Structures are given as structure tokens and as C-alpha cells.
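Chemist: Below you'll find upload_1.pdb; it's PDB, C-alpha atoms and all ligand atoms.
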ATOM      1  CA  MET R   1     159.150-193.495   8.342
ATOM      2  CA  LEU R   2     161.546-190.563   8.215
ATOM      3  CA  VAL R   3     161.233-187.205   9.957
ATOM      4  CA  THR R   4     162.701-184.449   7.796
ATOM      5  CA  ALA R   5     162.480-180.702   7.489
ATOM      6  CA  MET R   6     159.561-179.422   5.403
ATOM      7  CA  GLU R   7     160.772-178.272   1.982
ATOM      8  CA  PRO R   8     159.245-175.628  -0.306
ATOM      9  CA  GLU R   9     158.207-178.398  -2.731
ATOM     10  CA  ASP R  10     156.153-180.045   0.061
ATOM     11  CA  ARG R  11     153.740-177.107   0.020
ATOM     12  CA  GLU R  12     150.907-178.739  -1.919
ATOM     13  CA  ALA R  13     151.102-182.064  -0.106
ATOM     14  CA  VAL R  14     151.218-180.411   3.334
ATOM     15  CA  GLN R  15     148.355-178.081   2.499
ATOM     16  CA  ALA R  16     146.313-181.045   1.245
ATOM     17  CA  ILE R  17     146.929-182.960   4.500
ATOM     18  CA  ALA R  18     146.118-179.844   6.531
ATOM     19  CA  HIS R  19     142.889-179.384   4.596
ATOM     20  CA  LEU R  20     141.896-183.005   5.287
ATOM     21  CA  CYS R  21     142.635-182.301   8.970
ATOM     22  CA  GLY R  22     140.373-179.228   8.953
ATOM     23  CA  THR R  23     143.222-176.755   9.328
ATOM     24  CA  GLU R  24     145.528-174.609   7.219
ATOM     25  CA  VAL R  25     149.294-174.299   7.076
ATOM     26  CA  ASP R  26     151.030-171.395   5.349
ATOM     27  CA  VAL R  27     154.082-173.392   4.307
ATOM     28  CA  ALA R  28     155.976-170.439   2.818
ATOM     29  CA  ALA R  29     155.431-168.383   5.969
ATOM     30  CA  GLU R  30     156.527-171.209   8.275
ATOM     31  CA  LEU R  31     159.636-171.852   6.181
ATOM     32  CA  GLY R  32     160.478-168.155   6.463
ATOM     33  CA  ARG R  33     160.120-167.961  10.252
ATOM     34  CA  GLY R  34     163.484-168.306  11.922
ATOM     35  CA  TRP R  35     161.815-169.625  15.076
ATOM     36  CA  ALA R  36     159.687-172.263  13.331
ATOM     37  CA  LEU R  37     160.340-175.995  13.197
ATOM     38  CA  PRO R  38     158.285-177.170  10.206
ATOM     39  CA  TRP R  39     158.750-180.921   9.891
ATOM     40  CA  VAL R  40     157.196-183.748   7.897
ATOM     41  CA  ILE R  41     157.180-187.522   7.905
ATOM     42  CA  ARG R  42     157.772-189.437   4.703
ATOM     43  CA  ASP R  43     157.468-193.164   4.173
ATOM     44  CA  ALA R  44     160.787-193.138   2.345
ATOM     45  CA  GLU R  45     163.466-190.652   1.411
ATOM     46  CA  GLY R  46     162.195-188.324  -1.309
ATOM     47  CA  GLY R  47     158.606-189.528  -0.844
ATOM     48  CA  ALA R  48     155.612-187.270  -0.334
ATOM     49  CA  PRO R  49     154.814-186.166   3.223
ATOM     50  CA  ILE R  50     152.201-188.247   5.044
ATOM     51  CA  ALA R  51     152.143-186.110   8.196
ATOM     52  CA  PHE R  52     153.384-182.703   9.335
ATOM     53  CA  LEU R  53     154.208-180.805  12.471
ATOM     54  CA  VAL R  54     154.735-177.083  12.902
ATOM     55  CA  GLY R  55     156.550-176.204  16.099
ATOM     56  CA  TRP R  56     157.662-172.762  17.264
ATOM     57  CA  ARG R  57     160.529-171.903  19.572
ATOM     58  CA  ALA R  58     159.409-169.229  22.036
ATOM     59  CA  ALA R  59     162.004-168.334  24.671
ATOM     60  CA  ASP R  60     162.505-171.530  26.707
ATOM     61  CA  GLU R  61     159.302-173.185  25.437
ATOM     62  CA  LEU R  62     158.445-175.222  22.371
ATOM     63  CA  HIS R  63     154.918-174.653  21.053
ATOM     64  CA  VAL R  64     153.118-177.201  18.898
ATOM     65  CA  ILE R  65     151.294-174.916  16.483
ATOM     66  CA  ASP R  66     149.786-177.684  14.370
ATOM     67  CA  ILE R  67     150.104-181.380  13.697
ATOM     68  CA  GLY R  68     148.244-183.631  11.313
ATOM     69  CA  THR R  69     148.435-187.018   9.617
ATOM     70  CA  HIS R  70     146.866-187.872   6.275
ATOM     71  CA  PRO R  71     143.716-189.938   7.002
ATOM     72  CA  ASP R  72     145.083-192.854   4.933
ATOM     73  CA  HIS R  73     148.137-193.060   7.181
ATOM     74  CA  ARG R  74     146.687-192.672  10.672
ATOM     75  CA  ARG R  75     147.416-195.056  13.570
ATOM     76  CA  ARG R  76     150.818-195.917  12.154
ATOM     77  CA  GLY R  77     152.723-193.878  14.703
ATOM     78  CA  ALA R  78     153.500-190.856  12.479
ATOM     79  CA  ALA R  79     152.258-188.158  14.850
ATOM     80  CA  ARG R  80     153.871-189.866  17.836
ATOM     81  CA  LYS R  81     157.183-189.997  15.967
ATOM     82  CA  LEU R  82     157.005-186.286  15.115
ATOM     83  CA  LEU R  83     156.261-185.360  18.716
ATOM     84  CA  LEU R  84     158.979-187.643  20.079
ATOM     85  CA  GLU R  85     161.400-185.923  17.717
ATOM     86  CA  LEU R  86     160.254-182.513  18.988
ATOM     87  CA  ILE R  87     160.624-183.652  22.592
ATOM     88  CA  ALA R  88     164.128-184.973  21.880
ATOM     89  CA  TYR R  89     164.988-181.671  20.175
ATOM     90  CA  GLY R  90     163.700-179.757  23.190
ATOM     91  CA  LYS R  91     165.725-181.829  25.641
ATOM     92  CA  ALA R  92     168.860-181.580  23.516
ATOM     93  CA  HIS R  93     168.574-177.796  23.262
ATOM     94  CA  GLY R  94     167.613-176.961  26.844
ATOM     95  CA  PHE R  95     163.938-176.069  26.374
ATOM     96  CA  ARG R  96     161.902-176.129  29.583
ATOM     97  CA  LEU R  97     158.569-177.361  28.280
ATOM     98  CA  VAL R  98     156.418-178.238  25.297
ATOM     99  CA  VAL R  99     153.046-176.449  25.128
ATOM    100  CA  LEU R 100     150.024-177.013  22.930
ATOM    101  CA  GLU R 101     146.363-176.226  22.646
ATOM    102  CA  VAL R 102     143.728-178.844  21.820
ATOM    103  CA  SER R 103     139.980-178.766  21.570
ATOM    104  CA  ALA R 104     138.305-180.585  24.470
ATOM    105  CA  SER R 105     136.376-182.814  22.058
ATOM    106  CA  ASN R 106     139.441-183.954  20.041
ATOM    107  CA  GLY R 107     139.697-187.454  21.521
ATOM    108  CA  PRO R 108     142.396-188.816  19.180
ATOM    109  CA  ALA R 109     144.707-185.856  19.745
ATOM    110  CA  ARG R 110     144.124-185.811  23.528
ATOM    111  CA  SER R 111     144.870-189.497  23.657
ATOM    112  CA  LEU R 112     148.044-189.004  21.619
ATOM    113  CA  TYR R 113     149.285-186.196  23.880
ATOM    114  CA  GLY R 114     148.312-188.053  27.045
ATOM    115  CA  SER R 115     150.225-191.137  25.899
ATOM    116  CA  LEU R 116     153.350-188.987  25.644
ATOM    117  CA  GLY R 117     152.953-187.598  29.153
ATOM    118  CA  PHE R 118     151.325-184.229  28.430
ATOM    119  CA  GLY R 119     149.024-182.999  31.190
ATOM    120  CA  VAL R 120     146.204-180.447  31.133
ATOM    121  CA  ALA R 121     147.467-177.178  32.584
ATOM    122  CA  ARG R 122     144.465-174.956  31.981
ATOM    123  CA  ILE R 123     140.977-175.063  30.514
ATOM    124  CA  ARG R 124     140.161-172.152  28.229
ATOM    125  CA  GLU R 125     136.394-171.986  28.401
ATOM    126  CA  ASN R 126     134.574-171.442  25.117
ATOM    127  CA  TYR R 127     137.929-170.975  23.373
ATOM    128  CA  TYR R 128     136.457-172.230  20.102
ATOM    129  CA  SER R 129     133.504-169.885  20.363
ATOM    130  CA  ASP R 130     131.902-170.743  16.993
ATOM    131  CA  ALA R 131     131.698-174.397  18.064
ATOM    132  CA  GLY R 132     130.998-173.468  21.701
ATOM    133  CA  GLU R 133     133.929-175.607  22.752
ATOM    134  CA  ASP R 134     136.548-175.418  25.454
ATOM    135  CA  GLY R 135     140.242-175.466  24.634
ATOM    136  CA  LEU R 136     142.759-177.311  26.751
ATOM    137  CA  GLU R 137     146.286-176.046  27.232
ATOM    138  CA  MET R 138     148.498-179.088  27.637
ATOM    139  CA  LEU R 139     152.098-179.135  28.822
ATOM    140  CA  LEU R 140     154.966-181.524  28.871
ATOM    141  CA  VAL R 141     157.722-180.432  31.213
ATOM    142  CA  LEU R 142     161.174-181.321  29.908
ATOM    143  CA  ASP R 143     163.192-179.792  32.713
ATOM    144  CA  PRO R 144     163.159-182.248  35.646
ATOM    145  CA  GLU R 145     163.749-179.331  38.059
ATOM    146  CA  THR R 146     160.151-178.234  37.413
ATOM    147  CA  ILE R 147     158.367-180.577  39.798
ATOM    148  CA  GLY R 148     154.629-180.840  40.303
ATOM    149  CA  ALA R 149     153.514-179.092  37.132
ATOM    150  CA  PRO R 150     150.996-180.923  34.955
ATOM    151  CA  GLY R 151     152.972-183.034  32.531
ATOM    152  CA  SER R 152     156.060-183.129  34.723
ATOM    153  CA  PRO R 153     157.976-186.411  34.569
ATOM    154  CA  GLN R 154     156.806-187.252  38.099
ATOM    155  CA  GLU R 155     153.154-186.860  37.211
ATOM    156  CA  ALA R 156     153.450-188.698  33.888
ATOM    157  CA  SER R 157     154.908-191.778  35.583
ATOM    158  CA  SER R 158     152.378-191.931  38.441
TER     159      SER R 158
HETATM  160  C1  LIG R 201     145.541-186.672  16.129
HETATM  161  C2  LIG R 201     146.353-187.162  14.930
HETATM  162  C3  LIG R 201     147.429-186.122  14.598
HETATM  163  C4  LIG R 201     147.019-188.500  15.309
HETATM  164  O1  LIG R 201     147.861-188.868  14.222
HETATM  165  P1  LIG R 201     148.338-190.389  13.988
HETATM  166  O2  LIG R 201     149.544-190.327  13.117
HETATM  167  O3  LIG R 201     147.208-191.204  13.528
HETATM  168  O4  LIG R 201     148.732-190.814  15.472
HETATM  169  P2  LIG R 201     149.676-192.025  15.899
HETATM  170  O5  LIG R 201     149.487-193.174  14.962
HETATM  171  O6  LIG R 201     151.042-191.517  16.096
HETATM  172  O7  LIG R 201     149.015-192.402  17.305
HETATM  173  C5  LIG R 201     149.770-192.408  18.496
HETATM  174  C6  LIG R 201     148.809-192.641  19.666
HETATM  175  O8  LIG R 201     147.842-191.584  19.739
HETATM  176  C7  LIG R 201     146.581-192.121  20.181
HETATM  177  N1  LIG R 201     145.610-192.025  19.106
HETATM  178  C8  LIG R 201     145.836-191.621  17.829
HETATM  179  N2  LIG R 201     144.682-191.647  17.119
HETATM  180  C9  LIG R 201     143.715-192.100  17.965
HETATM  181  C10 LIG R 201     142.331-192.341  17.824
HETATM  182  N3  LIG R 201     141.684-192.148  16.652
HETATM  183  N4  LIG R 201     141.638-192.784  18.899
HETATM  184  C11 LIG R 201     142.267-192.991  20.067
HETATM  185  N5  LIG R 201     143.598-192.785  20.274
HETATM  186  C12 LIG R 201     144.307-192.336  19.234
HETATM  187  C13 LIG R 201     146.867-193.564  20.522
HETATM  188  O9  LIG R 201     147.323-193.603  21.861
HETATM  189  C14 LIG R 201     147.981-193.888  19.560
HETATM  190  O10 LIG R 201     148.756-194.998  19.953
HETATM  191  P3  LIG R 201     148.322-196.479  19.469
HETATM  192  O11 LIG R 201     148.027-196.415  18.004
HETATM  193  O12 LIG R 201     149.542-197.305  19.801
HETATM  194  O13 LIG R 201     147.100-196.826  20.267
HETATM  195  C15 LIG R 201     145.439-187.445  13.687
HETATM  196  O14 LIG R 201     144.301-188.160  14.101
HETATM  197  C16 LIG R 201     145.007-186.195  12.947
HETATM  198  O15 LIG R 201     145.704-185.745  12.014
HETATM  199  N6  LIG R 201     143.861-185.598  13.360
HETATM  200  C17 LIG R 201     143.352-184.371  12.718
HETATM  201  C18 LIG R 201     144.208-183.166  13.066
HETATM  202  C19 LIG R 201     144.270-182.922  14.552
HETATM  203  O16 LIG R 201     143.295-183.114  15.279
HETATM  204  N7  LIG R 201     145.446-182.451  15.003
HETATM  205  C20 LIG R 201     145.662-182.114  16.399
HETATM  206  C21 LIG R 201     145.317-180.690  16.640
HETATM  207  S1  LIG R 201     145.547-180.248  18.368
END
Kindly present the structure from the file in C-alpha cells form.
Modeler:
Amino acid sequence: MLVTAMEPEDREAVQAIAHLCGTEVDVAAELGRGWALPWVIRDAEGGAPIAFLVGWRAADELHVIDIGTHPDHRRRGAARKLLLELIAYGKAHGFRLVVLEVSASNGPARSLYGSLGFGVARIRENYYSDAGEDGLEMLLVLDPETIGAPGSPQEASS
């Protein structure tokens, strides 16, 4: 599996995956945002995307705006690989933390983030008001100077 930048010609495939994941991605808009990191995973060079990630750079933080894997390709490590790539990017470029928002009932995603060391920083009650669901803000601290925060390296290893 290869992580590459999202290309304009990936639009249909990414939108189809997003749709199957119950979300939407405006590929053209993300490709036009100087602060966005729109990435995909392909099984082989030149192949169609099987998973996508949209990250945003915001000051010294990386935000995971959306991530999704085609249902036919789940549990093969695609989402983990995308997030590991984002984490490596963040460390290489001096970002302090990675932040994301997940619905409290999204077990697969929570398990994925937890396995990478993300911790729950804050519960946003009734964040998804139409579903009456809480949102969880999860953080992974990349800067080892930031001790004691949820998702700090110390907490992840304990
Ligand atoms: C969550 C999602 C992105 C995971 O994608 P994936 O490519 O299947 O994930 P990976 O194969 O990289 O899984 C890595 C780890 O995450 C956890 N995980 C992933 N799917 C899981 C599931 N269905 N149940 C429990 N744990 C799961 C496991 O720890 C897994 O490691 P393992 O397979 O060695 O046990 C995918 O299920 C998806 O697209 N869901 C719909 C969209 C979504 O909810 N996005 C997140 C929005 S916040």
C-alpha cells in the first residue's frame, strides 16, 4: 500500500469512498487549500484510492478533518498507515500535536485512534445534535515537552 497525495483525478473515487463512509469530501476545495494535506492510499502505483485522509495544518497543530477506508478494504491497515504518515509528518515538521473529533459511538475509529496513542481531551456533549450524540476531542501530543496531556507519550505508554 502506498500513501500519496490526492490528485484531481481521484475526485470520483474519493467521493465514492466518503459517501460509503457517511461523509463528504470536497476534493477540489481541499486540493486548493494551501494548509490542507489531502492524502490517499493506493494498493499500487497508479491504482485507484482505497482510503483517504484530509489533514489541515493549523498553527502548531495538525487536525484530522476526515479519514475513511473503502468497506472492501477495511482491517488491512490503511487508516493506520495514513495516520502514521501524518504523525511522522508532524514530528518532522515540528508540529506540537495532532487533534481530531470523533463521535462517541464510533467504536472502530476510537479503537484505531487509541491504538496509536490518542487520548480523549474533552467530551463535547450532544455535539452531533441530530443523533443526540457526544463528540470526543482526541489528541496525540508529538512534542515530548508537553507532559501530562491526554495522548502524551508518557500516558500512551502507561
Ligand atoms: C475507522 C476506519 C477509518 C478504520 O479504517 P481501516 O483502514 O479499516 O483501519 P485499519 O485497518 O488501519 O485498523 C487499524 C486498527 O484500528 C482498529 N480498528 C479498525 N477497525 C476496527 C473495527 N471495526 N473494530 C475494532 N477495531 C478496529 C484496530 O485496532 C485496528 O488494528 P487491527 O486490525 O490490527 O486490530 C474505517 O472503519 C472507516 O472508514 N470507517 C467509516 C469512516 C469513519 O468512521 N471515519 C472516522 C471519522 S472520525
Chemist: Expand the PyMOL selection byres (((chain R and resi 74-81) around 10) and not hetatm) into the individual residues it matches in the shown file, reporting them as number ranges by chain.
Modeler: R: 1-3, 40-43, 50-53, 67-73, 82-87, 108-109, 112-113, 115-116
Chemist: When the PyMOL selection byres (((chain R and resi 27) around 12) and not hetatm) is applied to the file above, which residues end up in the set, as an MDAnalysis selection string?
Modeler: chainID R and resid 5:18 24:26 28:33 36:40 52:54 66
Chemist: Can you measure atom CA of Gly117 of chain R to atom CA of Ala44 of chain R for me? One decimal in Å is fine.
Modeler: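 Computing the Euclidean distance for atom CA of Gly117 of chain R and atom CA of Ala44 of chain R yields 28.5 Å.
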Chemist: One decimal, in Å: what's the spacing between atom CA of Arg96 of chain R and atom CA of Phe118 of chain R?
Modeler: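 That distance, rounded to one decimal, is 13.4 Å.
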Chemist: Between atom CA of Gly22 of chain R and atom C3 of ligand LIG 201 (chain R), what is the distance in Å, rounded to a tenth?
Modeler: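 Interatomic distance, atom CA of Gly22 of chain R to atom C3 of ligand LIG 201 (chain R): 11.4 Å.
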Chemist: Have a look at R:Val99, R:Cys21, R:Ile65, R:Val120 and name the one nearest to ligand LIG 201 (chain R); count only C-alpha atoms and all ligand atoms.
Modeler: R:Cys21
Chemist: Find, counting only C-alpha atoms and all ligand atoms, the residue in R:Tyr89, R:Glu61, R:Trp35, R:Thr23 that gets nearest to ligand LIG 201 (chain R).
Modeler: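 Comparing R:Tyr89, R:Glu61, R:Trp35, R:Thr23 against ligand LIG 201 (chain R), the winner is R:Thr23.
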Chemist: Anything within 8 Å of (139.8, -182.2, 26.9): list those residues as a PyMOL selection string, counting only C-alpha atoms and sticking to the file's coordinates.
Modeler: chain R and resi 102-107+110+120+134-136
Chemist: Could those residues be written to a file, using C-alpha atoms, as an mmCIF file, in the coordinates of the input?
Modeler:
data_model
loop_
_atom_site.group_PDB
_atom_site.id
_atom_site.type_symbol
_atom_site.label_atom_id
_atom_site.label_comp_id
_atom_site.auth_asym_id
_atom_site.auth_seq_id
_atom_site.Cartn_x
_atom_site.Cartn_y
_atom_site.Cartn_z
ATOM 1 C CA VAL R 102 143.728 -178.844 21.820
ATOM 2 C CA SER R 103 139.980 -178.766 21.570
ATOM 3 C CA ALA R 104 138.305 -180.585 24.470
ATOM 4 C CA SER R 105 136.376 -182.814 22.058
ATOM 5 C CA ASN R 106 139.441 -183.954 20.041
ATOM 6 C CA GLY R 107 139.697 -187.454 21.521
ATOM 7 C CA ARG R 110 144.124 -185.811 23.528
ATOM 8 C CA VAL R 120 146.204 -180.447 31.133
ATOM 9 C CA ASP R 134 136.548 -175.418 25.454
ATOM 10 C CA GLY R 135 140.242 -175.466 24.634
ATOM 11 C CA LEU R 136 142.759 -177.311 26.751
#
Chemist: Between R:Ala58, R:Ala92, R:Ala131, R:Met138, which is the closest to ligand LIG 201 (chain R) once you count only C-alpha atoms and all ligand atoms?
Modeler: R:Met138
Chemist: Pick from R:Val98, R:Leu139, R:Val64, R:Ala48: nearest to ligand LIG 201 (chain R), with all atoms listed in the file counted?
Modeler: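 Among the listed residues, R:Val64 lies closest to ligand LIG 201 (chain R).
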Chemist: For ligand LIG 201 (chain R), which residue out of R:Asp143, R:Leu97, R:Trp56, R:Leu20 is the nearest one, using all atoms listed in the file?
Modeler: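 The answer is R:Leu20, which sits nearest to ligand LIG 201 (chain R).
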Chemist: Using only C-alpha atoms, which of R:Gly46, R:Arg57, R:Ser111, R:Arg122 sits nearest Gly34 of chain R?
Modeler: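 Counting only C-alpha atoms, the residue closest to Gly34 of chain R is R:Arg57.
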Chemist: Kindly compute an axis-aligned box around the listed atoms of segment 29-35 of chain R, allowing 8 Å on each side, and express its centre and edge lengths in Å to one decimal as AutoDock Vina command-line options.
Modeler:
--center_x 159.5 --center_y -169.9 --center_z 10.5 --size_x 24.1 --size_y 19.9 --size_z 25.1
